[in-house]
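Enquirer: Quick one, coords.txt (compact mmCIF, C-alpha atoms):
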```
# COMPACT_ATOMS: atom_id res chain seq x y z
CA MET A 711 -14.16 -11.33 19.33
CA TYR A 712 -14.93 -8.00 17.64
CA ASN A 713 -13.71 -6.80 14.26
CA ASN A 714 -11.05 -4.22 15.04
CA VAL A 715 -9.88 -1.66 12.50
CA GLU A 716 -6.39 -0.44 13.30
CA PHE A 717 -5.53 3.18 12.50
CA ILE A 718 -1.95 4.49 12.59
CA ARG A 719 -1.69 8.26 12.23
CA LEU A 720 1.25 8.86 9.92
CA SER A 721 2.12 12.28 11.33
CA ASP A 722 3.18 10.80 14.69
CA ASN A 723 2.65 6.99 14.36
CA LYS A 724 0.00 7.04 17.09
CA ILE A 725 -2.05 3.81 17.03
CA LYS A 726 -5.75 3.41 17.83
CA GLU A 727 -8.15 0.48 17.32
CA SER A 728 -11.84 0.94 16.60
CA TYR A 729 -13.23 -1.42 19.25
CA LYS A 730 -10.38 -1.64 21.74
CA ASP A 731 -9.95 2.13 22.11
CA PHE A 732 -13.37 3.52 21.13
CA GLY A 733 -15.84 0.68 21.73
CA LEU A 734 -17.10 0.87 18.15
CA LEU A 735 -18.78 -2.11 16.47
CA LEU A 736 -17.90 -2.41 12.79
CA SER A 737 -20.69 -3.11 10.31
CA PRO A 738 -20.02 -5.31 7.24
CA PHE A 739 -18.05 -3.41 4.60
CA ASN A 740 -16.89 -3.81 1.03
CA LEU A 741 -13.40 -2.84 -0.07
CA GLU A 742 -13.98 -1.65 -3.63
CA ILE A 743 -11.50 -2.24 -6.42
CA PRO A 744 -9.80 0.97 -7.66
CA GLU A 745 -10.93 2.40 -10.98
CA VAL A 746 -8.58 2.06 -13.97
CA GLN A 747 -7.20 5.33 -15.36
CA THR A 748 -8.31 4.88 -18.97
CA ASN A 749 -7.26 7.13 -21.85
CA TYR A 750 -9.17 6.92 -25.12
CA ILE A 751 -8.77 9.33 -28.05
CA SER A 752 -11.39 9.68 -30.77
CA ILE A 753 -10.21 10.65 -34.26
CA ALA A 754 -12.57 12.05 -36.87
CA GLY A 755 -13.08 9.66 -39.78
CA ARG A 756 -11.94 6.64 -37.79
CA ASN A 757 -14.16 3.96 -36.30
CA GLY A 758 -13.72 3.46 -32.60
CA SER A 759 -11.17 5.11 -30.32
CA ILE A 760 -7.43 4.70 -29.83
CA ASP A 761 -6.70 3.16 -26.44
CA LEU A 762 -3.70 4.89 -24.81
CA THR A 763 -4.33 3.46 -21.35
CA GLU A 764 -1.02 1.57 -21.35
CA VAL A 765 1.00 4.06 -23.43
CA LEU A 766 3.56 4.38 -20.60
CA GLY A 767 3.92 0.61 -20.30
CA GLN A 768 1.64 -0.05 -17.35
CA ILE A 769 -1.94 0.33 -16.12
CA ASN A 770 -2.50 3.05 -13.53
CA TYR A 771 -5.35 3.27 -11.04
CA ASN A 772 -7.29 5.99 -9.26
CA ASN A 773 -7.60 6.11 -5.49
CA ARG A 774 -10.29 3.95 -3.95
CA ASN A 775 -12.91 5.00 -1.43
CA LEU A 776 -13.35 3.11 1.82
CA ASP A 777 -16.44 3.74 3.96
CA LEU A 778 -16.49 2.25 7.44
CA ASN A 779 -19.72 2.31 9.43
CA PHE A 780 -19.61 1.86 13.19
CA THR A 781 -22.13 1.59 16.01
CA ALA A 782 -21.33 3.05 19.43
CA THR A 783 -23.15 1.46 22.35
CA ASN A 784 -21.70 3.24 25.39
CA GLY A 785 -24.60 5.54 26.27
CA ILE A 786 -25.30 9.02 25.01
CA LYS A 787 -22.82 10.87 27.25
CA ASN A 788 -19.92 8.54 26.54
CA MET A 789 -20.91 8.46 22.88
CA ILE A 790 -20.32 12.18 22.49
CA ASN A 791 -16.97 11.92 24.26
CA ILE A 792 -15.93 9.03 22.02
CA TYR A 793 -17.01 10.90 18.92
CA THR A 794 -14.96 13.94 19.95
CA GLU A 795 -11.89 11.84 20.72
CA LEU A 796 -12.19 9.97 17.41
CA ALA A 797 -12.61 13.21 15.45
CA ASN A 798 -9.54 14.75 17.09
CA PHE A 799 -7.53 11.62 16.33
CA LEU A 800 -8.29 11.03 12.66
CA HIS A 801 -10.43 13.72 11.00
CA GLY A 802 -8.40 15.09 8.06
CA GLN A 803 -5.40 12.88 8.90
CA ASN A 804 -3.44 10.57 6.64
CA MET A 805 -3.68 7.08 8.11
CA LYS A 806 -2.30 3.58 7.73
CA ILE A 807 -5.36 1.32 8.02
CA THR A 808 -5.53 -2.41 8.66
CA LEU A 809 -8.90 -4.06 8.10
CA PRO A 810 -10.38 -7.32 9.42
CA ASN A 811 -9.67 -10.22 7.02
CA TYR A 812 -6.81 -8.21 5.47
CA GLU A 813 -4.44 -8.37 8.44
CA ASP A 814 -1.33 -9.00 6.30
CA TYR A 815 -1.84 -5.73 4.40
CA TYR A 816 -2.53 -2.07 5.07
CA LEU A 817 -4.09 0.81 3.17
CA ILE A 818 -2.90 4.41 3.15
CA GLY A 819 -5.60 7.08 3.04
CA ARG A 820 -6.86 10.40 4.34
CA CYS A 821 -9.79 10.04 6.72
CA SER A 822 -12.83 12.17 7.44
CA ILE A 823 -15.51 11.50 10.05
CA GLY A 824 -19.20 12.04 9.40
CA SER A 825 -21.67 13.57 11.83
CA LEU A 826 -22.83 11.55 14.83
CA ASP A 827 -26.20 9.97 14.11
CA ARG A 828 -27.81 9.38 17.50
CA ALA A 829 -30.46 6.71 17.16
CA LYS A 830 -32.16 5.62 20.38
CA LYS A 831 -29.47 4.27 22.74
CA THR A 832 -26.87 3.73 20.03
CA GLY A 833 -24.96 6.07 17.75
CA GLN A 834 -23.87 5.61 14.16
CA ILE A 835 -20.48 6.92 13.03
CA THR A 836 -19.12 6.78 9.49
CA ILE A 837 -15.45 7.17 8.60
CA LYS A 838 -14.74 7.90 4.94
CA THR A 839 -11.25 7.37 3.56
CA ASN A 840 -9.71 8.33 0.23
CA CYS A 841 -7.18 5.49 -0.10
CA GLU A 842 -4.25 4.86 -2.38
CA PRO A 843 -5.09 2.10 -4.89
CA TYR A 844 -2.81 -0.66 -3.61
CA LYS A 845 -2.92 -2.67 -0.41
CA CYS A 846 0.66 -2.90 0.89
CA LYS A 847 2.19 -5.86 2.71
CA ASN A 848 2.90 -5.16 6.35
CA GLU A 849 6.48 -6.36 6.06
CA LEU A 850 9.04 -5.40 3.44
CA THR A 851 10.14 -8.28 1.23
CA THR A 852 13.86 -8.98 1.67
CA ILE A 853 15.85 -11.37 -0.51
CA THR A 854 19.54 -12.05 0.11
CA GLN A 855 21.75 -14.11 -2.17
CA THR A 856 25.44 -14.82 -2.61
CA ILE A 857 26.71 -13.90 -6.07
CA GLY A 858 28.10 -17.03 -7.70
CA THR A 859 30.12 -17.58 -10.86
CA LEU A 860 29.71 -14.63 -13.23
CA PRO A 861 27.52 -13.92 -15.09
CA TYR A 862 25.09 -14.69 -12.29
CA LYS A 863 21.31 -14.26 -12.56
CA ILE A 864 18.93 -13.49 -9.74
CA ILE A 865 15.14 -13.58 -10.24
CA ILE A 866 13.11 -11.28 -8.01
CA ASN A 867 9.36 -11.93 -7.85
CA ASN A 868 7.00 -9.05 -7.17
CA LEU A 869 3.25 -8.62 -6.68
CA LYS A 870 1.04 -6.30 -8.72
CA MET A 871 2.33 -2.91 -7.51
CA PRO A 872 5.37 -1.46 -9.34
CA THR A 873 8.05 -0.74 -6.75
CA VAL A 874 11.61 0.58 -6.52
CA PRO A 875 13.89 -1.76 -4.54
CA THR A 876 16.76 -0.93 -2.22
CA ILE A 877 19.75 -2.97 -3.38
CA THR A 878 22.68 -3.53 -1.04
CA THR A 879 25.97 -5.04 -2.25
CA THR A 880 28.98 -6.12 -0.19
CA ASN A 881 31.41 -5.57 -3.09
CA ASN A 882 31.76 -3.49 -6.26
CA VAL A 883 29.58 -4.93 -9.04
CA ILE A 884 28.25 -4.28 -12.51
CA MET A 885 24.63 -5.39 -12.79
CA ASN A 886 22.29 -5.51 -15.78
CA PHE A 887 18.56 -4.95 -15.52
CA GLU A 888 16.33 -4.70 -18.60
CA ASN A 889 19.34 -4.22 -20.92
CA ILE A 890 20.87 -1.38 -18.90
CA ASP A 891 24.13 -1.75 -16.97
CA TYR A 892 24.51 -0.29 -13.48
CA SER A 893 27.96 0.06 -11.91
CA TRP A 894 27.88 0.17 -8.12
CA ILE A 895 30.38 0.32 -5.34
CA GLU A 896 29.88 -1.53 -2.09
CA GLY A 897 26.89 -0.20 -0.16
CA GLU A 898 23.18 0.60 -0.37
CA HIS A 899 21.66 1.81 -3.62
CA ILE A 900 18.28 3.19 -4.73
CA ASN A 901 17.81 4.00 -8.39
CA THR A 902 14.33 5.13 -9.50
CA SER A 903 14.94 3.80 -13.01
CA ILE A 904 14.95 0.27 -11.56
CA VAL A 905 11.28 -0.57 -11.08
CA LEU A 906 10.12 -4.07 -10.21
CA LYS A 907 7.13 -5.11 -12.29
CA GLU A 908 4.57 -7.80 -11.56
CA GLY A 909 6.02 -11.29 -11.76
CA GLU A 910 9.66 -12.16 -12.47
CA ASN A 911 12.37 -9.49 -12.62
CA ILE A 912 15.78 -10.70 -13.80
CA PHE A 913 19.03 -9.14 -12.59
CA THR A 914 22.32 -10.27 -14.14
CA PHE A 915 25.58 -9.61 -12.34
CA LYS A 916 28.18 -9.35 -15.10
CA SER A 917 31.47 -8.45 -13.44
CA GLY A 918 33.01 -7.43 -10.16
CA ASN A 919 33.92 -9.21 -6.98
CA SER A 920 31.81 -12.02 -5.62
CA GLY A 921 29.83 -11.13 -2.54
CA ILE A 922 26.33 -10.83 -1.15
CA VAL A 923 23.46 -8.82 -2.60
CA THR A 924 20.24 -7.95 -0.78
CA PHE A 925 17.00 -6.72 -2.38
CA SER A 926 14.49 -5.02 -0.08
CA TYR A 927 11.18 -3.73 -1.45
CA GLN A 928 7.57 -2.94 -0.66
CA GLU A 929 5.05 -5.28 -2.28
CA GLY A 930 1.45 -4.35 -2.92
CA THR A 931 -1.65 -5.81 -4.51
CA LEU A 932 -5.12 -4.77 -5.60
```
Take the structure from the file and write it as structure tokens.
Expert:
Amino acid sequence: MYNNVEFIRLSDNKIKESYKDFGLLLSPFNLEIPEVQTNYISIAGRNGSIDLTEVLGQINYNNRNLDLNFTATNGIKNMINIYTELANFLHGQNMKITLPNYEDYYLIGRCSIGSLDRAKKTGQITIKTNCEPYKCKNELTTITQTIGTLPYKIIINNLKMPTVPTITTTNNVIMNFENIDYSWIEGEHINTSIVLKEGENIFTFKSGNSGIVTFSYQEGTL
């Protein structure tokens, strides 16, 4: 019935919901798009600027601000108690936040609570959050395939956020990704030089024993 915002405190995974646990009514909100980290260089004697925004091969984004405005309607005495409990729970804390209409995703951000504005029989509370730029899917994406006749290609699709996958093999393999060979024994592997980009990512298994390979990774979107 009411728009609940779920907060998970990352320090101890304690979960609270804005209406269920605090009786707070959420006002309409806008989730702003994160600002692009641009990089322009002006050179004397040259018209315009040189755009180095994608010099490292991708576009990066600044954190985004999320302001949530709530109304407390539990009477002045209970309002102060609720405000104190809420402040102790989230003020200054890094939180995983799930918003109404975005239930399949979460944001990560550090929260701060504004002062309690007591207006007549209701109170206004604002929670400001400095969030990471991407919304992350609640569930990790997991893809499992049996390696067929070599060379064998597997296409892994990813959303907007660059991400490093965990790759698990049941046998020793040599795999190629973006013209680089990786030789792995059976087991779980994380290599930070393997970064899934937006769209299709092609992995080619070149030699080794047939077996099963599993890709597990966190997807995110703007």
Enquirer: Residues around (6.5, -4.8, -11.9), cut-off 8 Å, counting only C-alpha atoms - what are they as a list in words?
Expert: Asn868, Leu869, Lys870, Met871, Pro872, Thr873, Val905, Leu906, Lys907, Glu908, Gly909 and Asn911 of chain A
Enquirer: With C-alpha atoms kept, could you save the residues just selected as a PDB file, in the frame of the given file?
Expert:
```
ATOM      1  CA  ASN A 868       7.000  -9.050  -7.170  1.00  0.00           C
ATOM      2  CA  LEU A 869       3.250  -8.620  -6.680  1.00  0.00           C
ATOM      3  CA  LYS A 870       1.040  -6.300  -8.720  1.00  0.00           C
ATOM      4  CA  MET A 871       2.330  -2.910  -7.510  1.00  0.00           C
ATOM      5  CA  PRO A 872       5.370  -1.460  -9.340  1.00  0.00           C
ATOM      6  CA  THR A 873       8.050  -0.740  -6.750  1.00  0.00           C
ATOM      7  CA  VAL A 905      11.280  -0.570 -11.080  1.00  0.00           C
ATOM      8  CA  LEU A 906      10.120  -4.070 -10.210  1.00  0.00           C
ATOM      9  CA  LYS A 907       7.130  -5.110 -12.290  1.00  0.00           C
ATOM     10  CA  GLU A 908       4.570  -7.800 -11.560  1.00  0.00           C
ATOM     11  CA  GLY A 909       6.020 -11.290 -11.760  1.00  0.00           C
ATOM     12  CA  ASN A 911      12.370  -9.490 -12.620  1.00  0.00           C
TER      13      ASN A 911
END
```
Enquirer: Please build the interface table for region 834-910 of chain A against region 795-808 of chain A with a cut-off of 12 Å, listing for each qualifying residue the nearest atom pair and the distance in Å to one decimal; count all atoms listed in the file, order rows by chain and increasing number, and write it as CSV.
Expert:
```
residue,atom,partner,partner_atom,distance
A:Ile835,CA,A:Leu796,CA,9.9
A:Thr836,CA,A:Ala797,CA,10.9
A:Ile837,CA,A:His801,CA,8.6
A:Lys838,CA,A:His801,CA,9.4
A:Thr839,CA,A:Met805,CA,8.8
A:Asn840,CA,A:Asn804,CA,9.2
A:Cys841,CA,A:Met805,CA,9.1
A:Glu842,CA,A:Lys806,CA,10.4
A:Lys845,CA,A:Thr808,CA,9.4
A:Cys846,CA,A:Lys806,CA,9.9
A:Lys847,CA,A:Thr808,CA,10.3
A:Asn848,CA,A:Thr808,CA,9.2
```
Enquirer: Which polymer residues have any atom within 9 Å of an atom of Glu888 (chain A), counting all atoms listed in the file, with same-chain residues fewer than 6 positions away left out, as number ranges by chain?
Expert: A: 904, 911-913
Enquirer: Just the number, please: distance in Å from CA of Ile866 (chain A) to CA of Ser903 (chain A), one decimal.
Expert: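 Rounded to one decimal, the two atoms are 16.0 Å apart.
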Enquirer: Provide the CA of Val746 (chain A) to CA of Pro843 (chain A) distance in Å, to one decimal place.
Expert: 9.7 Å
Enquirer: Nearest to Arg719 (chain A) among A:Ile865, A:Cys821, A:Leu734, A:Val923, with distances taken over all atoms listed in the file: which residue is it?
Expert: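 Closest to Arg719 (chain A), using all atoms listed in the file: A:Cys821.
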Enquirer: Nearest to Ser920 (chain A): which of A:Ile753, A:Val883, A:Ile769, A:Ile900 is it, counting all atoms listed in the file?
Expert: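 Comparing A:Ile753, A:Val883, A:Ile769, A:Ile900 against Ser920 (chain A), the winner is A:Val883.
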Enquirer: Point out the residue among A:Ser893, A:Thr794, A:Thr878, A:Asn811 with the least atom-to-atom distance to Ile823 (chain A), counting only C-alpha atoms.
Expert: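 Under the stated criterion, the closest residue is A:Thr794.
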Enquirer: Please indicate the distance in Å from CA of Tyr793 (chain A) to CA of Tyr812 (chain A), rounded to one decimal place.
Expert: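 Here the two named atoms are 25.5 Å from each other.
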Enquirer: Just give me the residues with any atom within 12 Å of (30.0, -20.1, -13.1), file coordinates, counting all atoms listed in the file, written as an mmCIF file with C-alpha atoms, in the frame of the given file.
Expert:
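result08.cif written:
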```cif
data_model
loop_
_atom_site.group_PDB
_atom_site.id
_atom_site.type_symbol
_atom_site.label_atom_id
_atom_site.label_comp_id
_atom_site.auth_asym_id
_atom_site.auth_seq_id
_atom_site.Cartn_x
_atom_site.Cartn_y
_atom_site.Cartn_z
ATOM 1 C CA ILE A 857 26.710 -13.900 -6.070
ATOM 2 C CA GLY A 858 28.100 -17.030 -7.700
ATOM 3 C CA THR A 859 30.120 -17.580 -10.860
ATOM 4 C CA LEU A 860 29.710 -14.630 -13.230
ATOM 5 C CA PRO A 861 27.520 -13.920 -15.090
ATOM 6 C CA TYR A 862 25.090 -14.690 -12.290
ATOM 7 C CA LYS A 863 21.310 -14.260 -12.560
ATOM 8 C CA PHE A 915 25.580 -9.610 -12.340
ATOM 9 C CA LYS A 916 28.180 -9.350 -15.100
ATOM 10 C CA SER A 917 31.470 -8.450 -13.440
ATOM 11 C CA SER A 920 31.810 -12.020 -5.620
#
```
Enquirer: Return the single residue from A:Leu741, A:Ile864, A:Ile790, A:Ile725 that is closest to Met885 (chain A), with distances computed using only C-alpha atoms.
Expert: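 Between A:Leu741, A:Ile864, A:Ile790, A:Ile725, the residue approaching Met885 (chain A) most closely is A:Ile864.
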Enquirer: Give me, as a count of residues only, all polymer residues having an atom no more than 8 Å from Thr854 (chain A), counting all atoms listed in the file and skipping those fewer than 5 positions away in the same chain.
Expert: 4
Enquirer: Which of these residues is nearest to Tyr816 (chain A), using all atoms listed in the file: A:Glu898, A:Glu849, A:Met789, A:Phe739?
Expert: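 Using all atoms listed in the file, the shortest distance to Tyr816 (chain A) belongs to A:Glu849.
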Enquirer: Set up a box along x, y and z of the file covering all listed atoms of region 745-762 of chain A, add 3 Å on every one of the six sides, and write the centre and edge lengths in Å to one decimal, as AutoDock Vina command-line options.
Expert:
```
--center_x -8.9 --center_y 7.1 --center_z -25.4 --size_x 16.5 --size_y 16.0 --size_z 34.8
```
Enquirer: Choose the residue, out of A:Leu766, A:Ile760, A:Leu776, A:Ala782, that has the smallest atom-to-atom separation from Asp731 (chain A); count all atoms listed in the file.
Expert: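 Closest residue, counting all atoms listed in the file: A:Ala782.
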Enquirer: So which residues touch Val765 (chain A) within 12 Å, counting only C-alpha atoms, skipping near sequence neighbours fewer than 6 positions away, as a VMD selection string?
Expert: chain A and resid 747 to 750
Enquirer: Taking the partial coordinates given, rebuild region 897-908 of chain A to contain all heavy atoms; return it as a PDB file, keeping the file's coordinate frame.
Expert:
```
ATOM      1  N   GLY A 897      27.790  -1.048  -0.937  1.00  0.00           N
ATOM      2  CA  GLY A 897      26.890  -0.200  -0.160  1.00  0.00           C
ATOM      3  C   GLY A 897      25.447  -0.346  -0.572  1.00  0.00           C
ATOM      4  O   GLY A 897      25.069  -1.288  -1.268  1.00  0.00           O
ATOM      5  N   GLU A 898      24.627   0.615  -0.136  1.00  0.00           N
ATOM      6  CA  GLU A 898      23.180   0.600  -0.370  1.00  0.00           C
ATOM      7  C   GLU A 898      22.834   1.533  -1.519  1.00  0.00           C
ATOM      8  O   GLU A 898      23.324   2.661  -1.580  1.00  0.00           O
ATOM      9  CB  GLU A 898      22.460   1.049   0.915  1.00  0.00           C
ATOM     10  CG  GLU A 898      20.949   0.998   0.837  1.00  0.00           C
ATOM     11  CD  GLU A 898      20.318   1.386   2.165  1.00  0.00           C
ATOM     12  OE1 GLU A 898      20.304   0.561   3.089  1.00  0.00           O
ATOM     13  OE2 GLU A 898      19.833   2.544   2.273  1.00  0.00           O
ATOM     14  N   HIS A 899      21.953   1.052  -2.403  1.00  0.00           N
ATOM     15  CA  HIS A 899      21.660   1.810  -3.620  1.00  0.00           C
ATOM     16  C   HIS A 899      20.148   1.836  -3.891  1.00  0.00           C
ATOM     17  O   HIS A 899      19.471   0.813  -3.772  1.00  0.00           O
ATOM     18  CB  HIS A 899      22.370   1.182  -4.824  1.00  0.00           C
ATOM     19  CG  HIS A 899      23.828   0.931  -4.599  1.00  0.00           C
ATOM     20  ND1 HIS A 899      24.786   1.914  -4.723  1.00  0.00           N
ATOM     21  CD2 HIS A 899      24.487  -0.190  -4.199  1.00  0.00           C
ATOM     22  CE1 HIS A 899      25.974   1.413  -4.444  1.00  0.00           C
ATOM     23  NE2 HIS A 899      25.820   0.126  -4.120  1.00  0.00           N
ATOM     24  N   ILE A 900      19.659   3.029  -4.265  1.00  0.00           N
ATOM     25  CA  ILE A 900      18.280   3.190  -4.730  1.00  0.00           C
ATOM     26  C   ILE A 900      18.339   3.963  -6.031  1.00  0.00           C
ATOM     27  O   ILE A 900      18.855   5.093  -6.071  1.00  0.00           O
ATOM     28  CB  ILE A 900      17.413   3.949  -3.700  1.00  0.00           C
ATOM     29  CG1 ILE A 900      17.349   3.188  -2.372  1.00  0.00           C
ATOM     30  CG2 ILE A 900      15.999   4.158  -4.252  1.00  0.00           C
ATOM     31  CD1 ILE A 900      16.591   3.939  -1.282  1.00  0.00           C
ATOM     32  N   ASN A 901      17.833   3.362  -7.086  1.00  0.00           N
ATOM     33  CA  ASN A 901      17.810   4.000  -8.390  1.00  0.00           C
ATOM     34  C   ASN A 901      16.382   3.933  -8.921  1.00  0.00           C
ATOM     35  O   ASN A 901      15.845   2.854  -9.150  1.00  0.00           O
ATOM     36  CB  ASN A 901      18.776   3.297  -9.352  1.00  0.00           C
ATOM     37  CG  ASN A 901      18.971   4.052 -10.646  1.00  0.00           C
ATOM     38  OD1 ASN A 901      18.020   4.540 -11.243  1.00  0.00           O
ATOM     39  ND2 ASN A 901      20.224   4.139 -11.102  1.00  0.00           N
ATOM     40  N   THR A 902      15.753   5.103  -9.113  1.00  0.00           N
ATOM     41  CA  THR A 902      14.330   5.130  -9.500  1.00  0.00           C
ATOM     42  C   THR A 902      14.079   4.625 -10.908  1.00  0.00           C
ATOM     43  O   THR A 902      12.920   4.442 -11.290  1.00  0.00           O
ATOM     44  CB  THR A 902      13.776   6.560  -9.362  1.00  0.00           C
ATOM     45  OG1 THR A 902      14.582   7.474 -10.135  1.00  0.00           O
ATOM     46  CG2 THR A 902      13.782   7.011  -7.910  1.00  0.00           C
ATOM     47  N   SER A 903      15.136   4.397 -11.680  1.00  0.00           N
ATOM     48  CA  SER A 903      14.940   3.800 -13.010  1.00  0.00           C
ATOM     49  C   SER A 903      14.823   2.278 -12.939  1.00  0.00           C
ATOM     50  O   SER A 903      14.474   1.630 -13.923  1.00  0.00           O
ATOM     51  CB  SER A 903      16.087   4.198 -13.944  1.00  0.00           C
ATOM     52  OG  SER A 903      17.321   3.685 -13.476  1.00  0.00           O
ATOM     53  N   ILE A 904      15.126   1.711 -11.773  1.00  0.00           N
ATOM     54  CA  ILE A 904      14.950   0.270 -11.560  1.00  0.00           C
ATOM     55  C   ILE A 904      13.621   0.063 -10.861  1.00  0.00           C
ATOM     56  O   ILE A 904      13.486   0.329  -9.665  1.00  0.00           O
ATOM     57  CB  ILE A 904      16.098  -0.320 -10.721  1.00  0.00           C
ATOM     58  CG1 ILE A 904      17.428  -0.139 -11.446  1.00  0.00           C
ATOM     59  CG2 ILE A 904      15.850  -1.798 -10.429  1.00  0.00           C
ATOM     60  CD1 ILE A 904      18.626  -0.628 -10.660  1.00  0.00           C
ATOM     61  N   VAL A 905      12.630  -0.377 -11.605  1.00  0.00           N
ATOM     62  CA  VAL A 905      11.280  -0.570 -11.080  1.00  0.00           C
ATOM     63  C   VAL A 905      10.895  -2.032 -11.254  1.00  0.00           C
ATOM     64  O   VAL A 905      10.894  -2.556 -12.372  1.00  0.00           O
ATOM     65  CB  VAL A 905      10.257   0.329 -11.800  1.00  0.00           C
ATOM     66  CG1 VAL A 905       8.849   0.102 -11.240  1.00  0.00           C
ATOM     67  CG2 VAL A 905      10.643   1.800 -11.667  1.00  0.00           C
ATOM     68  N   LEU A 906      10.579  -2.686 -10.140  1.00  0.00           N
ATOM     69  CA  LEU A 906      10.120  -4.070 -10.210  1.00  0.00           C
ATOM     70  C   LEU A 906       8.691  -4.112 -10.714  1.00  0.00           C
ATOM     71  O   LEU A 906       7.811  -3.439 -10.181  1.00  0.00           O
ATOM     72  CB  LEU A 906      10.205  -4.723  -8.829  1.00  0.00           C
ATOM     73  CG  LEU A 906      11.576  -4.762  -8.157  1.00  0.00           C
ATOM     74  CD1 LEU A 906      11.473  -5.474  -6.810  1.00  0.00           C
ATOM     75  CD2 LEU A 906      12.606  -5.432  -9.043  1.00  0.00           C
ATOM     76  N   LYS A 907       8.461  -4.924 -11.738  1.00  0.00           N
ATOM     77  CA  LYS A 907       7.130  -5.110 -12.290  1.00  0.00           C
ATOM     78  C   LYS A 907       6.504  -6.372 -11.706  1.00  0.00           C
ATOM     79  O   LYS A 907       7.162  -7.137 -10.997  1.00  0.00           O
ATOM     80  CB  LYS A 907       7.193  -5.176 -13.815  1.00  0.00           C
ATOM     81  CG  LYS A 907       7.737  -3.903 -14.468  1.00  0.00           C
ATOM     82  CD  LYS A 907       7.794  -4.039 -15.973  1.00  0.00           C
ATOM     83  CE  LYS A 907       8.229  -2.738 -16.633  1.00  0.00           C
ATOM     84  NZ  LYS A 907       9.583  -2.317 -16.198  1.00  0.00           N
ATOM     85  N   GLU A 908       5.259  -6.599 -12.038  1.00  0.00           N
ATOM     86  CA  GLU A 908       4.570  -7.800 -11.560  1.00  0.00           C
ATOM     87  C   GLU A 908       5.220  -9.043 -12.137  1.00  0.00           C
ATOM     88  O   GLU A 908       5.533  -9.119 -13.329  1.00  0.00           O
ATOM     89  CB  GLU A 908       3.101  -7.741 -11.963  1.00  0.00           C
ATOM     90  CG  GLU A 908       2.282  -8.945 -11.510  1.00  0.00           C
ATOM     91  CD  GLU A 908       0.843  -8.888 -11.981  1.00  0.00           C
ATOM     92  OE1 GLU A 908       0.531  -8.065 -12.867  1.00  0.00           O
ATOM     93  OE2 GLU A 908       0.029  -9.672 -11.463  1.00  0.00           O
TER      94      GLU A 908
END
```
